[in-house]
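Below is one structure, written out as C-alpha cells; comments come after it.
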Amino acid sequence: MRGALLIGLLVANCGGQVRDEGSASGGSGGGGGHATGSGAAAGSGGTVASGATTGSGATGGTAGAGASGGSTADAGGTPSCSEVAKAIAKKAQIVGSCTIIVRFTQTTLTLLGHQWVCGTYAPPDELAARATAQQDTGFGSGVLLSGPAPADAWVFLVEPLDFGGAAVVSARTGLTVFGGGIVWAGKGDIKWPKTWLHDPLGEDCAPVSLPKVRSFDLGTGGLPLPAGEIDKALKRVRATALPSGLAQIGGYDIVLLRYRPSVGAQDPSSDEYVVLFNSGWME
C-alpha cells in the first residue's frame with residue numbers, strides 16, 4: 001500500500017504540464033571538466049511533453065526492485081529503498097529523457113531538495129541551448145564550459161566580476177535543468193528550477209556502481225573538482241535510491257556541479273553540490 005501511494009505521488013508530479021511542488025532557494029550551476037565514477041551507462045527511449053520546471057507525462061511500467069537498505073518501510077512509515085527505486089523507475093520510464101536535479105550542502109551533505117525536468121528528445125545545438133538558457137536564467141551568454149558537442153549537458157558560465165551566474169541545458173531534451181546567480185560581494189540565488197521537491201529519495205541504500213561523471217567547480221571558472229570532492233559527493237548520492245532506480249530502465253550519466261553563490265567573501269557553509277542525473281529509457 002505504501003509503495004503504491006509513493007508511486008502515485010511521484011507520477012502525479014510528472015504528468016502533463018503539472019507543476020512540481022516545492023519551494024525555491026539559493027544556488028546555481030556551470031563549470032567544466034571531467035571526473036570519474038564507476039560502472040557503465042547508456043539511457044533512452046520513452047515520452048513526455050517538454051516543460052521547463054514542470055515534468056511531463058511519464059508512461060511505461062516499472063522494472064525490478066533495485067538496491068535497498070531495507071526491504072520494508074521502517075516503523076515510522078519511511079518507504080524502503082526498493083520502494084523508492086521502483087517509484088523512480090516508474091516516473092523515469094518515458095519516451096524521452098528526464099534530468100533529476102539533486103542538491104546537497106557541501107559541508108554536511110544535507111539534502112536540500114530535488115526536482116525532475118522531463119521532455120521528448122529534441123537535442124539542441126549551441127545557439128538553441130544558449131537561447132533557452134538566456135530566456136530561463138539570464139546566463140546563456142556565458143563561456144561554454146561543456147565543449148561544443150556534449151552528450152550530457154550544455155554548461156554556460158558568466159564570470160561574476162560583480163554579478164554572474166551559470167546555466168545548464170539538457171543535451172537530450174533542450175530544456176534548462178539548472179541555473180543560478182553567482183555574486184562577488186553578496187549571495188546569488190538559484191533561478192532554475194523554480195520549485196523543489198522534498199519527498200524521500202532513500203537513505204543508506206545498498207551502494208551500486210555509477211557511470212562516469214563530469215564535474216565543474218563554478219567557483220573556479222568551471223575547473224574539474226578534485227578527486228576527493230567528487231568521491232565525497234558521489235558517496236552521498238550512491239546512498240540514495242536514485243542510481244538503482246534509474247538503472248532499472250536503462251542507462252544514465254551524471255554531471256556534478258559545485259555551486260558557490262558567493263565567490264568574494266566565501267562562506268563554505270553556503271556552497272552546494274548539485275548533481276544532475278540525466279536518464280533515458282533503454283538508452
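By order in the C-alpha cells, chains are A, B, ...; within a chain, residues start at 1; ligands start at 1, following the order shown.
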
Give me, as a short mmCIF file (atom, residue, chain, number, x, y, z; two decimals) with C-alpha atoms, in the first residue's frame, the residues of range 44-269 of chain A that a backbone DSSP run labels strand (DSSP E or B).
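File part_32.cif, as written:
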```
data_model
loop_
_atom_site.label_atom_id
_atom_site.label_comp_id
_atom_site.auth_asym_id
_atom_site.auth_seq_id
_atom_site.Cartn_x
_atom_site.Cartn_y
_atom_site.Cartn_z
CA GLY A 46 10.01 6.89 -23.69
CA THR A 47 7.82 10.24 -23.96
CA VAL A 95 9.58 8.12 -24.35
CA SER A 97 14.59 11.85 -21.16
CA CYS A 98 14.47 13.09 -17.57
CA THR A 99 17.08 15.02 -15.63
CA ILE A 100 16.81 14.68 -11.86
CA ILE A 101 18.50 17.58 -10.10
CA VAL A 102 19.61 16.90 -6.51
CA ARG A 103 21.07 19.48 -4.11
CA PHE A 104 23.24 18.83 -1.03
CA THR A 105 25.09 21.16 1.31
CA LEU A 111 19.75 17.03 1.22
CA LEU A 112 18.21 20.40 0.27
CA GLY A 113 15.73 19.19 -2.34
CA HIS A 114 15.39 17.66 -5.77
CA GLN A 115 13.43 18.21 -8.96
CA TRP A 116 12.61 16.47 -12.25
CA VAL A 117 12.78 18.07 -15.70
CA CYS A 118 11.44 15.70 -18.38
CA GLY A 119 10.87 16.11 -22.09
CA VAL A 143 31.53 30.97 -21.56
CA LEU A 144 30.84 27.47 -22.89
CA ALA A 153 24.50 18.86 -20.97
CA TRP A 154 25.42 22.30 -22.25
CA VAL A 155 27.05 24.30 -19.43
CA PHE A 156 27.50 28.09 -19.57
CA LEU A 157 29.20 30.35 -17.02
CA VAL A 158 29.05 34.14 -16.76
CA PHE A 163 27.20 39.63 -10.75
CA GLY A 164 27.36 36.44 -12.77
CA GLY A 165 25.86 33.01 -12.90
CA ALA A 166 25.62 29.69 -14.68
CA ALA A 167 23.09 27.77 -16.73
CA VAL A 168 22.80 24.11 -17.74
CA VAL A 169 20.65 22.83 -20.63
CA SER A 170 19.98 19.16 -21.34
CA THR A 176 17.00 24.13 -18.93
CA VAL A 177 17.84 21.90 -15.97
CA PHE A 178 19.75 24.30 -13.75
CA GLY A 179 20.57 27.98 -13.43
CA GLY A 180 21.60 30.33 -10.70
CA GLY A 181 23.37 33.52 -9.77
CA ILE A 182 26.94 33.88 -8.52
CA VAL A 183 27.76 37.16 -6.79
CA ILE A 190 19.01 29.56 -7.78
CA LYS A 191 16.80 30.65 -10.66
CA TRP A 192 16.04 27.25 -12.19
CA LEU A 197 10.55 18.51 -4.10
CA VAL A 213 30.91 11.71 -14.12
CA ARG A 214 31.80 15.16 -15.43
CA SER A 215 32.45 17.76 -12.74
CA PHE A 216 32.53 21.55 -12.82
CA ASP A 217 33.57 23.88 -9.98
CA LEU A 223 37.60 23.69 -13.43
CA GLY A 250 18.37 1.82 -18.94
CA GLY A 251 21.45 3.97 -18.61
CA TYR A 252 22.20 7.47 -17.40
CA ASP A 253 25.07 9.87 -16.93
CA ILE A 254 25.94 12.32 -14.17
CA VAL A 255 27.06 15.95 -14.15
CA LEU A 256 28.37 17.19 -10.80
CA LEU A 257 28.47 20.92 -10.03
CA ARG A 258 29.90 22.74 -7.05
CA TYR A 259 27.70 25.79 -6.79
CA SER A 262 29.26 33.92 -3.31
#
```

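Remark: for Glu83 in chain A, the closest of the candidate residues A:Leu201, A:Val275, A:Leu246, A:Gly264 is A:Leu201 (distances computed over only C-alpha atoms).
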
Which residue of A:Thr107, A:Gly245, A:Glu159, A:Pro193 approaches Gln93 in chain A most closely, using only C-alpha atoms: A:Gly245

DSSP-assigned alpha helix (DSSP H) among range 75-156 of chain A, expressed as a PyMOL selection string: chain A and resi 81-92+126-137

File of the preceding selection, C-alpha atoms, as a compact mmCIF listing (two decimals), in the first residue's frame:
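Saved result, again.txt, follows:
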```
# COMPACT_ATOMS: atom_id res chain seq x y z
CA CYS A 81 14.99 1.88 -0.77
CA SER A 82 13.38 -0.73 -3.00
CA GLU A 83 10.04 1.08 -2.88
CA VAL A 84 11.65 4.42 -3.72
CA ALA A 85 13.74 2.87 -6.52
CA LYS A 86 10.63 1.31 -8.05
CA ALA A 87 8.82 4.67 -7.96
CA ILE A 88 11.80 6.43 -9.56
CA ALA A 89 11.93 3.85 -12.36
CA LYS A 90 8.20 4.26 -12.95
CA LYS A 91 8.45 8.02 -13.25
CA ALA A 92 11.55 7.99 -15.47
CA GLU A 126 24.79 25.59 -29.11
CA LEU A 127 22.76 28.56 -30.36
CA ALA A 128 19.47 26.95 -29.34
CA ALA A 129 20.87 25.92 -25.94
CA ARG A 130 22.13 29.46 -25.32
CA ALA A 131 18.77 30.97 -26.26
CA THR A 132 16.91 28.66 -23.88
CA ALA A 133 19.39 29.28 -21.06
CA GLN A 134 19.16 33.04 -21.56
CA GLN A 135 15.38 33.01 -21.55
CA ASP A 136 15.10 30.87 -18.41
CA THR A 137 18.06 32.07 -16.33
```

Best match for closeness to Thr173 in chain A among A:Gly147, A:Tyr121, A:Ala227, A:Leu234, counting only C-alpha atoms: A:Tyr121

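Closest approach to Ala241 in chain A among A:Thr110, A:Ser80, A:Phe139, A:Leu225: A:Ser80, based on only C-alpha atoms.
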